[in-house]
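Beneath this line is the structure, given in structure tokens, with notes to follow.
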Amino acid sequence: MNRFAPPRWSLIAALAALALVAAVASLLFGAVDLSVARLFAAATGSGDKVASIILFDLRLPRTVLALAVGAMLGLAGAALQGYLRNPLAEPSVLGTSNAAALGGVAAIYFGLAEIHPIILPLLATGGALVSLALLFVLAGKAESPLTLILAGIAVGTLAVAGTSLALNLSPNPFAAMEIMTWLLGSLENRSFDHVWIALPCIAIGAAMLLWNGRALDALTLGEDAAQALGTDLQKTRLRLLIGTAIGVGGAVAVTGAIGFVGLIVPHLIRPLTDRSPSAILLPSAIGGAALLTLADLGVRIIPTTNELKLGVVTAFLGVPVFLVHLMRERRLW
Amino acid sequence: MRRLGLAAAAALLGAAGLLWAASPAPRAKAPRVPQRIVSINLCADQLVLALADKGQIAGLTKNATDAEMSGEAAKAQGIPQLSNSAEQILAIEPDLIVGMPASRSAALSALPEQTYPLLDLDTANTLGGIYASIRQTAVAIGHPERGDALVARMEGELAGLPKPGRGRVAAYYQRRGYMTGTGTLIDELMMRVGLVNLAGKLGKPPLSQLSIEEMVAAQPDYLIVESATDKVTDQGSEMLHHPALKDIPRISMPQAWTVCGSPAYTQAARSMAAQIVRLDGGRS
């Protein structure tokens with residue numbers, strides 16, 4: 001137990017306040033400078049047409065998606081790290097996000113998404129599920145944490161290659177541009193149509209992962225002890241797999257694969273808690289929401305001719321965390 | 001067995017070579033009416049197709065039959081399409097190569113000696129430029145009177161064209177938010193129907209990127225989009241269907257009419273004018 005851990009609810013409240021600040025900032029700043037007064041007028045329904053379109057059709061869906069997708073990625077990272085007892089586990093390192101992107105790409109570029117809107121998240125979820133199943137088969141029982149990461153790299157690389165191949169095979173002359181968006185992720189030009197695709201998936205996925213908290217705590221004692229404590233390992237694993245696949249699948253279907261959020265956030269949160277897996281689940285979700293919203297704000301504020309891809313910013317934030325852990329684990333090699 | 005096969009192949013090649021040498025092919029000077037014209041540029045394809053007899057054309061680019069990209073795609077059916085490789089050009093032994101410009105083609109510079117007659121066309125960004133290219137091509141392919149006739153027909157089609165734009169602002173908005181600026185064929189088309197190019201108003205370069213947010217703030221009277229993006233096929237075309245843009249009236253035009261300076265210019269101008277009139281009627 002960490003003596004310096006603040007009480008759980010004060011941590012959650014502080015993170016929620018941070019996420020709220022990020023969300024408000026995300027509504028205030030954008031490509032066009034709008035005064036706070038003008039935005040406030042638009043928000044209360046008495047503003048001009050331009051300001052209210054920018055606020056409600058452009059900035060609001062973008063902010064909602066940043067919060068929801070960030071929360072899902074943070075939570076998935078925390079849950080996977082807890083279940084696999086591996087500090088480097090998270091959707092993008094394990095290849096889950098890229099596999100979901102492959103599903104999304106297949107749905108859009110071969111015209112399947114036009115048949116029914118549900119096909120896009122369905123195929124993205126399917127991609128994520130296949131990748132997670134493959135990962136568990138490849139490295140489920142391995143002793144070394146490295147095996148899992150290597151298996152993840154294999155699965156992720158395969159998915160990236162599949163995505164590029166699918167785009168090259170599709171009758172699309174603009175494939176190169178599209179590949180970049182899918183592999184680095186972006187919240188640019190999202191609308192409420194995208195929110196309605198992602199939000200239900202994220203809600204279901206998040207609920208299934210939060211449900212696992214106690215089982216994850218029991219698992220810290222080892223699988224046998226957890227079973228002795230009455231944990232149904234089969235069901236726990238199934239919830240984890242399906243929850244991650246649905247949540248990450250729905251998120252990636254509309255934003256592309258945004259890396260490292262699930263890696264960074266649990267590591268920042270863990271020292272502030274008692275370090276039990278269940279204690280970091282909810283704070284990681286809220287922290288992920290705040291982090292992704294701030295990263296997306298950065299993407300808009302950093303002056304570049306073409307908008308920066310979100311995955312670029314999260315990679316710059318995430319790679320140092322990754323490296324610190326590599327250093328620490330080096331003696332295992 | 002193997003050696004025998006090789007010998008047979010060599011004999012065949014030799015025979016082909018003899019046939020080749022026997023055919024009368026004056027190389028250095030363009031014959032008055034070339035019979036094996038090769039176009040190595042999509043825009044040149046359209047001019048050659050519009051002016052030459054089908055029998056005169058020996059090769060076009062690989063996109064020549066793509067109706068999305070070329071206004072003369074229908075006429076290109078049945079003509080060999082080349083993949084811009086030196087080998088194919090060598091095999092055809094063309095008596096005229098048309099390009100934009102032909103002399104800077106990578107495929108041609110790969111050939112040992114460039115003895116083919118070339119026609120270098122300039123990229124046409126104005127109607128005057130299109131007329132000049134048409135006349136130049138018509139002379140080179142041996143039918144100058146067809147060039148004059150085509151120019152006269154186009155002038156006739158544009159003569160009665162109304163200017164329904166009445167100084168209103170339009171933005172030519174492409175996939176991923178690229179906006180076409182001044183000094184382009186699109187810009188000239190807008191002026192011809194009385195529209196003002198938003199890119200010019202904002203002082204943007206010939207090709208710039210404008211976010212949806214900036215587009216909403218600029219509120220042009222019309223968005224001109226490529227008809228290929230009318231349907232969402234990927235993220236690039238999806239952005240043009242963002243709900244924030246739904247209140248701006250749209251003019252939709254096939255890219256095939258505007259991507260090259262070609263005879264389809266008149267179709268583009270007439271369609272643009274007609275769509276403005278229709279949108280005006282719909283709103284009043």
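FYI, nothing fancy with the structure tokens labels: chains A, B, ... in order, residues from 1 per chain, ligands from 1 as they appear.
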Taking only C-alpha atoms into account, find every residue of chain B that has an atom no more than 9 Å from chain A, and write it out as a list in words.
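Written out as asked, the residues are Gln209, Ser211, Ile212, Glu213, Glu214, Val216, Ala217, Ala218, Gln219, Val232, Thr233, Asp234, Gln235, Gly236, Glu238, Met239, His242, Pro243, Ala244 and Leu245 of chain B.
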Selection near stretch 77-87 of chain B, 12 Å with only C-alpha atoms, sequence-local residues under 5 positions removed, as a ChimeraX atom specification:
/B:36-42,45,48-49,53-67,72,92-94,97,99,102,105-114
For atom CA of A:Leu20 and atom CA of A:Lys309, quote the distance in Å rounded to one decimal.
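Result for atom CA of A:Leu20 versus atom CA of A:Lys309: 22.9 Å, one decimal.
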As JSON, numbers by chain, which residues of stretch 95-263 of chain A does DSSP assign to alpha helix (DSSP H)?
{"A": [96, 97, 98, 99, 100, 101, 102, 103, 104, 105, 106, 107, 108, 109, 119, 120, 121, 122, 123, 124, 125, 126, 127, 128, 129, 130, 131, 132, 133, 134, 135, 136, 137, 138, 139, 145, 146, 147, 148, 149, 150, 151, 152, 153, 154, 155, 156, 157, 158, 159, 160, 161, 162, 163, 164, 165, 166, 167, 168, 169, 175, 176, 177, 178, 179, 180, 181, 182, 183, 184, 192, 193, 194, 195, 196, 197, 198, 199, 200, 201, 202, 203, 204, 205, 206, 207, 208, 209, 210, 213, 214, 215, 216, 217, 218, 219, 223, 224, 225, 226, 227, 228, 233, 234, 235, 236, 237, 238, 239, 240, 241, 242, 243, 244, 245, 246, 247, 248, 249, 250, 251, 252, 253, 254, 255, 261, 262, 263]}
Residues at most 7 Å from stretch 249-254 of chain B, counting only C-alpha atoms, excluding those fewer than 4 positions away in the same chain, as an NGL selection string?
:B and (68 or 221-228 or 272 or 275)
Dump as a PDB file, in the first residue's frame, selection limited to N, CA and C atoms:
ATOM      1  N   GLU B  68     -14.231   8.994 -65.468  1.00  0.00           N
ATOM      2  CA  GLU B  68     -14.127   9.923 -64.344  1.00  0.00           C
ATOM      3  C   GLU B  68     -13.043  10.968 -64.600  1.00  0.00           C
ATOM      4  N   ASP B 221     -21.259  31.389 -51.029  1.00  0.00           N
ATOM      5  CA  ASP B 221     -22.634  31.185 -51.505  1.00  0.00           C
ATOM      6  C   ASP B 221     -22.796  29.798 -52.121  1.00  0.00           C
ATOM      7  N   TYR B 222     -21.711  29.278 -52.718  1.00  0.00           N
ATOM      8  CA  TYR B 222     -21.768  27.948 -53.324  1.00  0.00           C
ATOM      9  C   TYR B 222     -20.505  27.163 -53.003  1.00  0.00           C
ATOM     10  N   LEU B 223     -20.673  25.846 -52.900  1.00  0.00           N
ATOM     11  CA  LEU B 223     -19.522  24.947 -52.893  1.00  0.00           C
ATOM     12  C   LEU B 223     -19.542  24.223 -54.231  1.00  0.00           C
ATOM     13  N   ILE B 224     -18.418  24.234 -54.926  1.00  0.00           N
ATOM     14  CA  ILE B 224     -18.331  23.444 -56.147  1.00  0.00           C
ATOM     15  C   ILE B 224     -17.509  22.202 -55.813  1.00  0.00           C
ATOM     16  N   VAL B 225     -18.112  21.025 -56.018  1.00  0.00           N
ATOM     17  CA  VAL B 225     -17.423  19.784 -55.662  1.00  0.00           C
ATOM     18  C   VAL B 225     -17.339  18.880 -56.887  1.00  0.00           C
ATOM     19  N   GLU B 226     -16.408  17.941 -56.830  1.00  0.00           N
ATOM     20  CA  GLU B 226     -16.282  16.967 -57.913  1.00  0.00           C
ATOM     21  C   GLU B 226     -17.374  15.922 -57.746  1.00  0.00           C
ATOM     22  N   SER B 227     -18.017  15.546 -58.862  1.00  0.00           N
ATOM     23  CA  SER B 227     -19.140  14.616 -58.724  1.00  0.00           C
ATOM     24  C   SER B 227     -18.677  13.253 -58.206  1.00  0.00           C
ATOM     25  N   ALA B 228     -17.376  12.951 -58.321  1.00  0.00           N
ATOM     26  CA  ALA B 228     -16.878  11.681 -57.783  1.00  0.00           C
ATOM     27  C   ALA B 228     -17.005  11.645 -56.260  1.00  0.00           C
ATOM     28  N   MET B 272     -22.136  24.544 -65.083  1.00  0.00           N
ATOM     29  CA  MET B 272     -22.008  25.403 -63.909  1.00  0.00           C
ATOM     30  C   MET B 272     -23.091  26.477 -63.926  1.00  0.00           C
ATOM     31  N   GLN B 275     -26.543  24.968 -63.251  1.00  0.00           N
ATOM     32  CA  GLN B 275     -26.764  24.565 -61.853  1.00  0.00           C
ATOM     33  C   GLN B 275     -27.019  25.775 -60.956  1.00  0.00           C
TER      34      GLN B 275
END
Just to confirm, what's the straight-line distance from atom CA of A:His116 to atom CA of A:Pro173 in Å (one decimal)?
24.3 Å
